[in-house]
>>> print(open('upload.cif').read())   # mmCIF, C-alpha atoms
data_my_file
#
loop_
_atom_site.group_PDB
_atom_site.id
_atom_site.type_symbol
_atom_site.label_atom_id
_atom_site.label_comp_id
_atom_site.auth_asym_id
_atom_site.auth_seq_id
_atom_site.Cartn_x
_atom_site.Cartn_y
_atom_site.Cartn_z
ATOM 1 C CA MET K 1071 20.101 -46.712 -12.924
ATOM 2 C CA LEU K 1072 18.084 -44.618 -10.528
ATOM 3 C CA SER K 1073 20.118 -41.524 -11.395
ATOM 4 C CA LEU K 1074 18.496 -41.571 -14.828
ATOM 5 C CA PHE K 1075 15.249 -40.406 -13.315
ATOM 6 C CA VAL K 1076 16.695 -37.453 -11.492
ATOM 7 C CA ILE K 1077 18.617 -35.971 -14.410
ATOM 8 C CA PRO K 1078 17.181 -32.536 -15.221
ATOM 9 C CA GLY K 1079 14.859 -32.811 -18.199
ATOM 10 C CA HIS K 1080 13.531 -36.296 -17.408
ATOM 11 C CA ASP K 1081 10.632 -34.727 -15.490
ATOM 12 C CA ARG K 1082 9.167 -33.883 -18.909
ATOM 13 C CA ARG K 1083 8.666 -37.590 -19.477
ATOM 14 C CA LEU K 1084 6.332 -37.690 -16.485
ATOM 15 C CA ILE K 1085 4.694 -34.338 -17.301
ATOM 16 C CA PRO K 1086 5.026 -34.267 -21.077
ATOM 17 C CA GLU K 1087 3.831 -30.685 -21.767
ATOM 18 C CA GLY K 1088 6.520 -28.449 -23.218
ATOM 19 C CA ARG K 1089 7.147 -24.910 -22.088
ATOM 20 C CA LEU K 1090 3.939 -22.839 -22.261
ATOM 21 C CA SER K 1091 2.241 -25.592 -24.272
ATOM 22 C CA GLY K 1092 0.054 -26.962 -21.485
ATOM 23 C CA PRO K 1093 -2.685 -25.198 -19.513
ATOM 24 C CA MET K 1094 -0.714 -24.927 -16.282
ATOM 25 C CA PRO K 1095 1.620 -22.021 -17.217
ATOM 26 C CA TRP K 1096 -1.271 -20.032 -18.668
ATOM 27 C CA VAL K 1097 -3.470 -20.567 -15.635
ATOM 28 C CA ILE K 1098 -0.682 -19.386 -13.370
ATOM 29 C CA ALA K 1099 0.017 -16.440 -15.713
ATOM 30 C CA ILE K 1100 -3.593 -15.302 -15.319
ATOM 31 C CA MET K 1101 -3.457 -15.760 -11.550
ATOM 32 C CA ILE K 1102 -0.178 -13.837 -11.248
ATOM 33 C CA PHE K 1103 -1.507 -11.091 -13.535
ATOM 34 C CA LEU K 1104 -4.545 -10.598 -11.289
ATOM 35 C CA MET K 1105 -2.378 -10.908 -8.191
ATOM 36 C CA VAL K 1106 -0.022 -8.202 -9.468
ATOM 37 C CA LEU K 1107 -2.930 -5.837 -10.102
ATOM 38 C CA ALA K 1108 -4.520 -6.522 -6.707
ATOM 39 C CA THR K 1109 -1.193 -6.093 -4.917
ATOM 40 C CA ALA K 1110 -0.483 -2.837 -6.745
ATOM 41 C CA ILE K 1111 -3.909 -1.495 -5.820
ATOM 42 C CA GLY K 1112 -3.475 -2.473 -2.180
ATOM 43 C CA LEU K 1113 0.006 -0.946 -1.948
ATOM 44 C CA ALA K 1114 -1.106 2.228 -3.745
ATOM 45 C CA PHE K 1115 -3.998 2.725 -1.327
ATOM 46 C CA THR K 1116 -1.697 2.002 1.607
ATOM 47 C CA GLU K 1117 0.833 4.621 0.537
ATOM 48 C CA ALA K 1118 -1.859 7.149 -0.401
ATOM 49 C CA GLY K 1119 -3.578 6.842 2.953
ATOM 50 C CA GLN K 1120 -0.283 7.126 4.803
ATOM 51 C CA ASN K 1121 0.867 10.146 2.777
ATOM 52 C CA VAL K 1122 -2.389 12.030 3.252
ATOM 53 C CA SER K 1123 -2.460 11.210 6.965
ATOM 54 C CA ASP K 1124 1.127 12.404 7.389
ATOM 55 C CA GLN K 1125 0.441 15.631 5.520
ATOM 56 C CA LEU K 1126 -2.679 16.466 7.533
ATOM 57 C CA SER K 1127 -1.572 15.182 10.920
ATOM 58 C CA SER K 1128 0.033 18.552 11.772
ATOM 59 C CA ARG K 1129 -2.546 20.840 10.174
ATOM 60 C CA ALA K 1130 -5.677 22.440 11.606
ATOM 61 C CA THR K 1131 -8.353 24.924 10.558
ATOM 62 C CA VAL K 1132 -9.673 27.804 12.668
ATOM 63 C CA GLN K 1133 -13.208 29.031 11.960
ATOM 64 C CA ILE K 1134 -14.198 32.492 13.151
ATOM 65 C CA ILE K 1135 -17.992 32.472 13.259
ATOM 66 C CA GLU K 1136 -19.333 36.018 13.491
ATOM 67 C CA ALA K 1137 -22.254 37.678 11.649
ATOM 68 C CA ASN K 1138 -20.802 41.212 11.929
ATOM 69 C CA PRO K 1139 -18.224 41.490 9.096
ATOM 70 C CA ASP K 1140 -16.190 44.211 10.816
ATOM 71 C CA LEU K 1141 -16.032 42.332 14.107
ATOM 72 C CA LYS K 1142 -15.245 39.114 12.254
ATOM 73 C CA ALA K 1143 -12.345 40.744 10.418
ATOM 74 C CA GLN K 1144 -10.974 42.153 13.684
ATOM 75 C CA GLN K 1145 -11.244 38.824 15.512
ATOM 76 C CA THR K 1146 -9.606 37.024 12.606
ATOM 77 C CA SER K 1147 -6.678 39.436 12.554
ATOM 78 C CA ASP K 1148 -6.214 39.277 16.334
ATOM 79 C CA ALA K 1149 -6.453 35.476 16.411
ATOM 80 C CA ALA K 1150 -3.926 35.143 13.570
ATOM 81 C CA ALA K 1151 -1.503 37.447 15.360
ATOM 82 C CA ARG K 1152 -1.849 35.454 18.583
ATOM 83 C CA LEU K 1153 -1.324 32.162 16.752
ATOM 84 C CA ARG K 1154 1.820 33.456 15.011
ATOM 85 C CA GLY K 1155 3.312 34.173 18.422
ATOM 86 C CA MET K 1156 2.843 30.613 19.687
ATOM 87 C CA GLU K 1157 5.823 28.223 19.524
ATOM 88 C CA LEU K 1158 3.507 25.375 18.626
ATOM 89 C CA VAL K 1159 2.476 27.040 15.346
ATOM 90 C CA GLU K 1160 4.830 27.081 12.351
ATOM 91 C CA GLU K 1161 2.631 28.691 9.725
ATOM 92 C CA VAL K 1162 -0.549 30.780 9.776
ATOM 93 C CA ARG K 1163 -2.530 31.710 6.674
ATOM 94 C CA ILE K 1164 -5.826 33.586 6.534
ATOM 95 C CA LEU K 1165 -7.859 32.333 3.608
ATOM 96 C CA PRO K 1166 -8.957 35.192 1.302
ATOM 97 C CA SER K 1167 -12.669 35.748 0.761
ATOM 98 C CA LYS K 1168 -12.377 34.738 -2.903
ATOM 99 C CA GLU K 1169 -10.831 31.402 -1.922
ATOM 100 C CA ILE K 1170 -13.654 30.715 0.537
ATOM 101 C CA GLU K 1171 -16.176 31.481 -2.209
ATOM 102 C CA ASP K 1172 -14.376 29.076 -4.531
ATOM 103 C CA LEU K 1173 -14.548 26.370 -1.863
ATOM 104 C CA ILE K 1174 -18.310 26.622 -1.424
ATOM 105 C CA ALA K 1175 -19.189 27.320 -5.082
ATOM 106 C CA PRO K 1176 -19.597 23.618 -6.016
ATOM 107 C CA TRP K 1177 -22.152 23.249 -3.214
ATOM 108 C CA LEU K 1178 -24.181 26.326 -4.212
ATOM 109 C CA GLY K 1179 -24.203 25.743 -7.974
ATOM 110 C CA GLN K 1180 -22.788 27.535 -10.996
ATOM 111 C CA SER K 1181 -24.150 30.019 -13.459
ATOM 112 C CA ALA K 1182 -25.544 28.946 -16.817
ATOM 113 C CA ASP K 1183 -22.372 29.899 -18.655
ATOM 114 C CA GLY K 1184 -20.300 27.673 -16.396
ATOM 115 C CA GLY K 1185 -19.008 30.480 -14.185
ATOM 116 C CA GLN K 1186 -19.438 30.483 -10.433
ATOM 117 C CA ASP K 1187 -22.676 32.160 -9.418
ATOM 118 C CA THR K 1188 -21.468 33.354 -6.000
ATOM 119 C CA GLY K 1189 -21.633 37.094 -6.327
ATOM 120 C CA GLY K 1190 -22.156 38.810 -2.982
ATOM 121 C CA LEU K 1191 -22.135 35.626 -0.946
ATOM 122 C CA LEU K 1192 -20.075 37.122 1.844
ATOM 123 C CA GLU K 1193 -22.512 40.045 2.076
ATOM 124 C CA ASP K 1194 -25.674 37.910 1.989
ATOM 125 C CA ILE K 1195 -24.546 34.846 3.979
ATOM 126 C CA PRO K 1196 -22.542 35.051 7.230
ATOM 127 C CA LEU K 1197 -19.745 32.746 6.123
ATOM 128 C CA PRO K 1198 -17.016 32.069 8.707
ATOM 129 C CA ALA K 1199 -13.484 33.325 8.301
ATOM 130 C CA LEU K 1200 -10.937 30.533 7.940
ATOM 131 C CA ILE K 1201 -7.357 30.355 9.188
ATOM 132 C CA ASP K 1202 -5.137 27.506 8.022
ATOM 133 C CA LEU K 1203 -2.545 26.345 10.564
ATOM 134 C CA LYS K 1204 0.562 24.219 10.254
ATOM 135 C CA LEU K 1205 1.929 22.989 13.567
ATOM 136 C CA ALA K 1206 5.414 21.918 14.541
ATOM 137 C CA GLN K 1207 4.208 18.442 15.554
ATOM 138 C CA PRO K 1208 1.255 16.121 14.988
ATOM 139 C CA ILE K 1209 -1.941 17.380 16.525
ATOM 140 C CA SER K 1210 -3.279 15.807 19.680
ATOM 141 C CA GLU K 1211 -6.053 16.888 22.014
ATOM 142 C CA LYS K 1212 -3.437 18.636 24.144
ATOM 143 C CA GLU K 1213 -2.301 20.839 21.243
ATOM 144 C CA LEU K 1214 -5.888 21.588 20.247
ATOM 145 C CA GLU K 1215 -6.745 22.696 23.784
ATOM 146 C CA ALA K 1216 -3.653 24.953 23.874
ATOM 147 C CA LEU K 1217 -4.754 26.609 20.642
ATOM 148 C CA ARG K 1218 -8.310 27.097 21.896
ATOM 149 C CA THR K 1219 -7.066 28.594 25.143
ATOM 150 C CA GLY K 1220 -4.823 30.991 23.234
ATOM 151 C CA ILE K 1221 -7.485 32.492 20.954
ATOM 152 C CA ARG K 1222 -10.625 32.155 23.102
ATOM 153 C CA PRO K 1223 -10.174 35.599 24.739
ATOM 154 C CA LEU K 1224 -9.927 37.184 21.268
ATOM 155 C CA ALA K 1225 -12.663 35.194 19.474
ATOM 156 C CA ALA K 1226 -15.055 33.414 21.788
ATOM 157 C CA SER K 1227 -16.923 31.772 18.888
ATOM 158 C CA ALA K 1228 -13.796 30.398 17.211
ATOM 159 C CA ARG K 1229 -13.680 26.696 16.404
ATOM 160 C CA ILE K 1230 -10.497 24.702 15.829
ATOM 161 C CA GLU K 1231 -10.681 21.412 13.993
ATOM 162 C CA PRO K 1232 -7.811 19.121 12.931
ATOM 163 C CA SER K 1233 -7.650 18.830 9.150
ATOM 164 C CA SER K 1234 -7.373 15.052 9.383
ATOM 165 C CA ALA K 1235 -10.889 14.894 10.866
ATOM 166 C CA LEU K 1236 -12.323 16.537 7.760
ATOM 167 C CA ILE K 1237 -11.285 13.657 5.489
ATOM 168 C CA ALA K 1238 -11.565 10.844 8.033
ATOM 169 C CA PRO K 1239 -14.363 9.143 6.023
ATOM 170 C CA VAL K 1240 -12.165 9.236 2.911
ATOM 171 C CA ILE K 1241 -9.238 7.700 4.789
ATOM 172 C CA ALA K 1242 -11.546 5.004 6.169
ATOM 173 C CA LEU K 1243 -12.719 4.205 2.629
ATOM 174 C CA VAL K 1244 -9.121 4.009 1.413
ATOM 175 C CA ARG K 1245 -8.248 1.620 4.233
ATOM 176 C CA SER K 1246 -11.228 -0.572 3.387
ATOM 177 C CA LEU K 1247 -10.242 -0.736 -0.278
ATOM 178 C CA GLN K 1248 -6.692 -1.565 0.773
ATOM 179 C CA TRP K 1249 -7.779 -4.588 2.817
ATOM 180 C CA ILE K 1250 -10.163 -5.723 0.084
ATOM 181 C CA ALA K 1251 -7.270 -5.694 -2.397
ATOM 182 C CA PHE K 1252 -5.025 -7.694 -0.065
ATOM 183 C CA GLY K 1253 -7.896 -10.103 0.569
ATOM 184 C CA LEU K 1254 -8.134 -10.685 -3.182
ATOM 185 C CA VAL K 1255 -4.411 -11.469 -3.235
ATOM 186 C CA ILE K 1256 -4.944 -14.178 -0.622
ATOM 187 C CA LEU K 1257 -7.888 -15.628 -2.544
ATOM 188 C CA LEU K 1258 -5.860 -15.662 -5.773
ATOM 189 C CA ALA K 1259 -2.999 -17.423 -3.975
ATOM 190 C CA ILE K 1260 -5.449 -20.070 -2.749
ATOM 191 C CA ALA K 1261 -6.810 -20.461 -6.291
ATOM 192 C CA THR K 1262 -3.265 -20.845 -7.621
ATOM 193 C CA ALA K 1263 -2.525 -23.560 -5.089
ATOM 194 C CA ALA K 1264 -5.768 -25.318 -6.055
ATOM 195 C CA ALA K 1265 -4.764 -25.239 -9.739
ATOM 196 C CA VAL K 1266 -1.391 -26.761 -8.854
ATOM 197 C CA ILE K 1267 -3.083 -29.516 -6.837
ATOM 198 C CA ILE K 1268 -5.363 -30.378 -9.753
ATOM 199 C CA SER K 1269 -2.447 -30.418 -12.194
ATOM 200 C CA ALA K 1270 -0.267 -32.560 -9.939
ATOM 201 C CA ARG K 1271 -3.030 -35.101 -9.276
ATOM 202 C CA ALA K 1272 -3.796 -35.314 -13.007
ATOM 203 C CA ALA K 1273 -0.140 -35.990 -13.775
ATOM 204 C CA LEU K 1274 0.017 -38.654 -11.075
ATOM 205 C CA ASN K 1275 -3.052 -40.441 -12.426
ATOM 206 C CA THR K 1276 -1.690 -40.291 -15.966
ATOM 207 C CA HIS K 1277 1.712 -41.746 -15.038
ATOM 208 C CA LYS K 1278 0.719 -44.134 -12.278
ATOM 209 C CA GLU K 1279 2.327 -47.093 -14.063
ATOM 210 C CA THR K 1280 5.562 -45.222 -14.680
ATOM 211 C CA ILE K 1281 5.723 -44.289 -11.015
ATOM 212 C CA GLY K 1282 5.309 -47.950 -10.105
ATOM 213 C CA VAL K 1283 8.263 -48.895 -12.347
ATOM 214 C CA ILE K 1284 10.404 -46.197 -10.717
ATOM 215 C CA HIS K 1285 9.587 -47.637 -7.317
ATOM 216 C CA LEU K 1286 10.603 -51.103 -8.492
ATOM 217 C CA LEU K 1287 13.945 -49.675 -9.627
ATOM 218 C CA GLY K 1288 14.554 -48.292 -6.137
ATOM 219 C CA GLY K 1289 13.181 -44.774 -6.504
ATOM 220 C CA THR K 1290 11.813 -43.138 -3.361
ATOM 221 C CA ASP K 1291 8.723 -40.984 -2.929
ATOM 222 C CA ARG K 1292 10.950 -37.962 -2.353
ATOM 223 C CA GLN K 1293 12.800 -38.466 -5.631
ATOM 224 C CA ILE K 1294 9.554 -38.873 -7.551
ATOM 225 C CA SER K 1295 8.077 -35.755 -5.946
ATOM 226 C CA ARG K 1296 11.148 -33.809 -7.051
ATOM 227 C CA LEU K 1297 10.388 -34.658 -10.680
ATOM 228 C CA PHE K 1298 6.892 -33.179 -10.418
ATOM 229 C CA GLN K 1299 8.081 -30.338 -8.232
ATOM 230 C CA ARG K 1300 10.788 -29.248 -10.669
ATOM 231 C CA ARG K 1301 8.476 -29.360 -13.682
ATOM 232 C CA ILE K 1302 5.635 -27.498 -11.976
ATOM 233 C CA ALA K 1303 8.108 -24.922 -10.644
ATOM 234 C CA LEU K 1304 9.302 -24.221 -14.191
ATOM 235 C CA ASP K 1305 5.734 -23.862 -15.433
ATOM 236 C CA ALA K 1306 4.931 -21.546 -12.510
ATOM 237 C CA LEU K 1307 7.986 -19.385 -13.132
ATOM 238 C CA LEU K 1308 7.307 -19.005 -16.854
ATOM 239 C CA GLY K 1309 3.647 -18.216 -16.242
ATOM 240 C CA GLY K 1310 4.517 -15.866 -13.391
ATOM 241 C CA VAL K 1311 6.959 -13.839 -15.482
ATOM 242 C CA LEU K 1312 4.388 -13.538 -18.257
ATOM 243 C CA GLY K 1313 1.729 -12.414 -15.782
ATOM 244 C CA LEU K 1314 4.130 -9.926 -14.190
ATOM 245 C CA ILE K 1315 4.991 -8.323 -17.537
ATOM 246 C CA CYS K 1316 1.334 -7.906 -18.482
ATOM 247 C CA GLY K 1317 0.398 -6.645 -15.020
ATOM 248 C CA ALA K 1318 3.260 -4.130 -14.871
ATOM 249 C CA ALA K 1319 2.263 -2.778 -18.290
ATOM 250 C CA ILE K 1320 -1.312 -2.208 -17.100
ATOM 251 C CA ILE K 1321 -0.098 -0.540 -13.886
ATOM 252 C CA LEU K 1322 2.166 1.864 -15.777
ATOM 253 C CA LEU K 1323 -0.612 2.726 -18.215
ATOM 254 C CA LEU K 1324 -3.099 3.404 -15.430
ATOM 255 C CA GLY K 1325 -0.477 5.437 -13.553
ATOM 256 C CA MET K 1326 -0.012 7.728 -16.552
ATOM 257 C CA GLN K 1327 -3.759 8.245 -16.878
ATOM 258 C CA LEU K 1328 -4.235 8.927 -13.164
ATOM 259 C CA SER K 1329 -1.391 11.451 -13.075
ATOM 260 C CA ALA K 1330 -3.128 13.401 -15.845
ATOM 261 C CA LEU K 1331 -6.258 13.924 -13.722
ATOM 262 C CA GLY K 1332 -4.553 16.473 -11.481
ATOM 263 C CA SER K 1333 -6.346 15.413 -8.286
ATOM 264 C CA GLY K 1334 -4.193 15.465 -5.160
ATOM 265 C CA LEU K 1335 -5.538 12.238 -3.684
ATOM 266 C CA VAL K 1336 -5.526 10.481 -7.053
ATOM 267 C CA GLN K 1337 -1.960 11.601 -7.776
ATOM 268 C CA SER K 1338 -0.919 10.183 -4.409
ATOM 269 C CA LEU K 1339 -1.882 6.707 -5.692
ATOM 270 C CA ASP K 1340 1.690 6.187 -6.802
ATOM 271 C CA LEU K 1341 3.999 3.287 -6.105
ATOM 272 C CA SER K 1342 7.368 3.685 -4.400
ATOM 273 C CA TRP K 1343 10.441 1.670 -5.294
ATOM 274 C CA TYR K 1344 9.924 -0.815 -2.462
ATOM 275 C CA SER K 1345 6.352 -1.408 -3.627
ATOM 276 C CA TRP K 1346 7.734 -2.290 -7.057
ATOM 277 C CA LEU K 1347 10.142 -4.695 -5.358
ATOM 278 C CA ILE K 1348 7.212 -6.429 -3.683
ATOM 279 C CA ILE K 1349 5.372 -6.647 -6.999
ATOM 280 C CA GLY K 1350 8.489 -7.950 -8.744
ATOM 281 C CA ALA K 1351 8.797 -10.716 -6.155
ATOM 282 C CA ILE K 1352 5.305 -12.065 -6.827
ATOM 283 C CA PRO K 1353 6.399 -14.546 -9.570
ATOM 284 C CA ILE K 1354 9.100 -15.922 -7.263
ATOM 285 C CA LEU K 1355 6.607 -16.284 -4.430
ATOM 286 C CA GLY K 1356 4.176 -17.915 -6.851
ATOM 287 C CA MET K 1357 6.829 -20.404 -7.906
ATOM 288 C CA ILE K 1358 7.623 -21.247 -4.283
ATOM 289 C CA LEU K 1359 3.914 -21.684 -3.561
ATOM 290 C CA ALA K 1360 3.581 -24.002 -6.575
ATOM 291 C CA MET K 1361 6.636 -26.045 -5.538
ATOM 292 C CA VAL K 1362 5.482 -26.504 -1.959
ATOM 293 C CA THR K 1363 1.919 -27.317 -3.026
ATOM 294 C CA ALA K 1364 3.096 -29.804 -5.661
ATOM 295 C CA ARG K 1365 5.433 -31.527 -3.213
ATOM 296 C CA MET K 1366 2.764 -31.877 -0.534
ATOM 297 C CA THR K 1367 0.208 -33.101 -3.067
ATOM 298 C CA VAL K 1368 2.508 -35.661 -4.663
ATOM 299 C CA MET K 1369 3.880 -36.966 -1.361
ATOM 300 C CA GLY K 1370 0.378 -37.340 0.044
ATOM 301 C CA ALA K 1371 -0.885 -39.091 -3.090
ATOM 302 C CA LEU K 1372 2.083 -41.471 -3.286
ATOM 303 C CA LYS K 1373 1.471 -42.690 0.253
ATOM 304 C CA LYS K 1374 -2.070 -43.639 -0.773
ATOM 305 C CA ILE K 1375 -1.142 -45.165 -4.118
ATOM 306 C CA LEU K 1376 1.738 -47.368 -2.958
#
>>> encode(input="upload.cif", output="structure tokens")
Amino acid sequence: MLSLFVIPGHDRRLIPEGRLSGPMPWVIAIMIFLMVLATAIGLAFTEAGQNVSDQLSSRATVQIIEANPDLKAQQTSDAAARLRGMELVEEVRILPSKEIEDLIAPWLGQSADGGQDTGGLLEDIPLPALIDLKLAQPISEKELEALRTGIRPLAASARIEPSSALIAPVIALVRSLQWIAFGLVILLAIATAAAVIISARAALNTHKETIGVIHLLGGTDRQISRLFQRRIALDALLGGVLGLICGAAIILLLGMQLSALGSGLVQSLDLSWYSWLIIGAIPILGMILAMVTARMTVMGALKKIL
């Protein structure tokens, strides 16, 4: 007789809502949808920060600061030649004057017709010459000192800065946004567990008499908890899949719009295949969370009721 209560499908008699007809699946769908978005944002910022750091970890910039243009040009040429002869350096590129003007144009303003109003800047302002370096290994203080020692006799005023230091504030901001996104995921998981607890307690209060009859027929607390656990797990899975589909659609749409912006850092906010695997596992993890929460809630409540 007891086996009647553990046949799949009889849990609907204790929790009578049909599939997607009650509030529970929709609440979980909303939670999973937000969790998918927050996870995607966190993973995108993680990968973007790592990619940018990897790309800039072996790059440096040499500034030749000299007011005399002829002397500056000579020091730049000599320093570049010395750097090309060093085993530590893989690539040396002297930035053209036009490229330096383009770099500073946004800071000095533009002409009324939208063109860059930078005519004669190199003649009027003693801008430094810039040399872009790519090293054979990530830059450390030891490598920086070796570079300084190599070019100091040729350009005493030269400055060498790692490229990663130039965007360190940006990387710090990306890391902060990453942890905020993952913090939201944790908060959403807690909210999902709270919704499951409320749903399980409501079902227990509604079917308190039925639970008493099951106990009289020999049913155990574990068998009763399985009825609630199985039903809530199904609701969580259906809601999770719905939330995943909606969240993935939003992510793909935003990805297409971001890729059209053409910004290097923005384009790096892309998700790898293993990030998609993590996102795809969210409904399964949500179902497991709902099952465990429902079981603990029901078992704890049954000990107090009976």
>>> resolve_selection(input="upload.cif", expression="the PyMOL selection byres ((chain K and resi 1138) around 12)", output="tab-separated table (two decimals) with C-alpha atoms, in the frame of the given file")
chain	number	residue	atom	x	y	z
K	1134	ILE	CA	-14.20	32.49	13.15
K	1135	ILE	CA	-17.99	32.47	13.26
K	1136	GLU	CA	-19.33	36.02	13.49
K	1137	ALA	CA	-22.25	37.68	11.65
K	1139	PRO	CA	-18.22	41.49	9.10
K	1140	ASP	CA	-16.19	44.21	10.82
K	1141	LEU	CA	-16.03	42.33	14.11
K	1142	LYS	CA	-15.24	39.11	12.25
K	1143	ALA	CA	-12.34	40.74	10.42
K	1144	GLN	CA	-10.97	42.15	13.68
K	1145	GLN	CA	-11.24	38.82	15.51
K	1146	THR	CA	-9.61	37.02	12.61
K	1192	LEU	CA	-20.08	37.12	1.84
K	1193	GLU	CA	-22.51	40.04	2.08
K	1194	ASP	CA	-25.67	37.91	1.99
K	1195	ILE	CA	-24.55	34.85	3.98
K	1196	PRO	CA	-22.54	35.05	7.23
K	1197	LEU	CA	-19.74	32.75	6.12
K	1198	PRO	CA	-17.02	32.07	8.71
K	1199	ALA	CA	-13.48	33.33	8.30
>>> resolve_selection(input="upload.cif", expression="the PyMOL selection byres ((chain K and resi 1346-1357) around 8)", output="list in words")
Ile1102, Met1105, Val1106, Thr1109, Ala1110, Ala1259, Ala1303, Leu1304, Ala1306, Leu1307, Gly1310, Val1311, Leu1314, Leu1341, Ser1342, Trp1343, Tyr1344, Ser1345, Ile1358, Leu1359, Ala1360 and Met1361 of chain K
>>> residues_around(input="upload.cif", residues="K:Gly1220", least_positions_apart="2", cutoff="9 Å", atoms="only C-alpha atoms", output="list in words")
Ala1149, Arg1152, Leu1153, Met1156, Glu1215, Ala1216, Leu1217, Arg1218, Arg1222, Pro1223 and Leu1224 of chain K
>>> closest_atom_pairs(input="upload.cif", of="stretch 1084-1155 of chain K", to="stretch 1159-1174 of chain K", cutoff="9 Å", atoms="only C-alpha atoms", output="JSON lines")
{"residue": "K:Thr1146", "atom": "CA", "partner": "K:Ile1164", "partner_atom": "CA", "distance": 7.9}
{"residue": "K:Ser1147", "atom": "CA", "partner": "K:Ile1164", "partner_atom": "CA", "distance": 8.4}
{"residue": "K:Ala1150", "atom": "CA", "partner": "K:Val1162", "partner_atom": "CA", "distance": 6.7}
{"residue": "K:Ala1151", "atom": "CA", "partner": "K:Val1162", "partner_atom": "CA", "distance": 8.7}
{"residue": "K:Leu1153", "atom": "CA", "partner": "K:Val1159", "partner_atom": "CA", "distance": 6.5}
{"residue": "K:Arg1154", "atom": "CA", "partner": "K:Val1162", "partner_atom": "CA", "distance": 6.3}
{"residue": "K:Gly1155", "atom": "CA", "partner": "K:Val1159", "partner_atom": "CA", "distance": 7.8}
>>> closest_residue(input="upload.cif", among="K:Leu1214, K:Ala1364, K:Val1255, K:Val1132", to="K:Phe1298", atoms="all atoms listed in the file")
K:Ala1364
>>> residues_near_point(input="upload.cif", point="(-2.8, 22.8, 21.3)", cutoff="12 Å", atoms="all atoms listed in the file", output="VMD selection string")
chain K and resid 1128 to 1130 1153 1156 to 1159 1203 to 1221 1230 to 1232
>>> atom_distance(input="upload.cif", atom1="atom CA of K:Ser1123", atom2="atom CA of K:Arg1245")
11.5 Å
>>> resolve_selection(input="upload.cif", expression="the PyMOL selection byres ((chain K and resi 1113-1119) around 9)", output="PyMOL selection string")
chain K and resi 1108-1112+1120-1124+1240-1242+1244-1245+1247-1248+1251-1252+1335-1342+1345
>>> atom_distance(input="upload.cif", atom1="atom CA of K:Leu1274", atom2="atom CA of K:Lys1374")
11.6 Å
>>> atom_distance(input="upload.cif", atom1="atom CA of K:Val1368", atom2="atom CA of K:Lys1278")
11.5 Å
>>> closest_residue(input="upload.cif", among="K:Gln1299, K:Leu1286, K:Thr1131, K:Leu1104", to="K:Ser1269", atoms="only C-alpha atoms")
K:Gln1299
>>> decode(input="upload.cif", residues="stretch 1237-1246 of chain K", atoms="N, CA, C and O atoms", output="CSV table (one decimal), in the first residue's frame")
chain,number,residue,atom,x,y,z
K,1237,ILE,N,47.1,50.8,-18.4
K,1237,ILE,CA,45.6,50.5,-18.3
K,1237,ILE,C,45.3,49.8,-17.0
K,1237,ILE,O,44.3,49.1,-16.9
K,1238,ALA,N,46.2,49.9,-16.0
K,1238,ALA,CA,46.0,49.2,-14.7
K,1238,ALA,C,44.7,49.7,-14.1
K,1238,ALA,O,43.9,48.8,-13.5
K,1239,PRO,N,44.3,51.0,-14.1
K,1239,PRO,CA,43.0,51.3,-13.6
K,1239,PRO,C,41.8,50.7,-14.3
K,1239,PRO,O,40.8,50.3,-13.6
K,1240,VAL,N,41.9,50.5,-15.6
K,1240,VAL,CA,40.9,49.9,-16.4
K,1240,VAL,C,40.7,48.4,-16.0
K,1240,VAL,O,39.6,47.9,-15.8
K,1241,ILE,N,41.9,47.7,-15.8
K,1241,ILE,CA,41.9,46.3,-15.4
K,1241,ILE,C,41.3,46.2,-14.0
K,1241,ILE,O,40.5,45.3,-13.7
K,1242,ALA,N,41.6,47.1,-13.1
K,1242,ALA,CA,41.1,47.1,-11.8
K,1242,ALA,C,39.5,47.2,-11.8
K,1242,ALA,O,38.8,46.6,-11.0
K,1243,LEU,N,39.0,48.1,-12.7
K,1243,LEU,CA,37.6,48.3,-12.8
K,1243,LEU,C,36.9,47.0,-13.3
K,1243,LEU,O,35.9,46.6,-12.8
K,1244,VAL,N,37.6,46.4,-14.3
K,1244,VAL,CA,37.0,45.2,-14.9
K,1244,VAL,C,37.0,44.1,-13.8
K,1244,VAL,O,36.0,43.4,-13.7
K,1245,ARG,N,38.0,44.0,-13.0
K,1245,ARG,CA,38.0,43.0,-11.9
K,1245,ARG,C,36.9,43.3,-10.9
K,1245,ARG,O,36.2,42.4,-10.4
K,1246,SER,N,36.7,44.5,-10.6
K,1246,SER,CA,35.6,44.9,-9.6
K,1246,SER,C,34.2,44.5,-10.2
K,1246,SER,O,33.4,43.9,-9.5
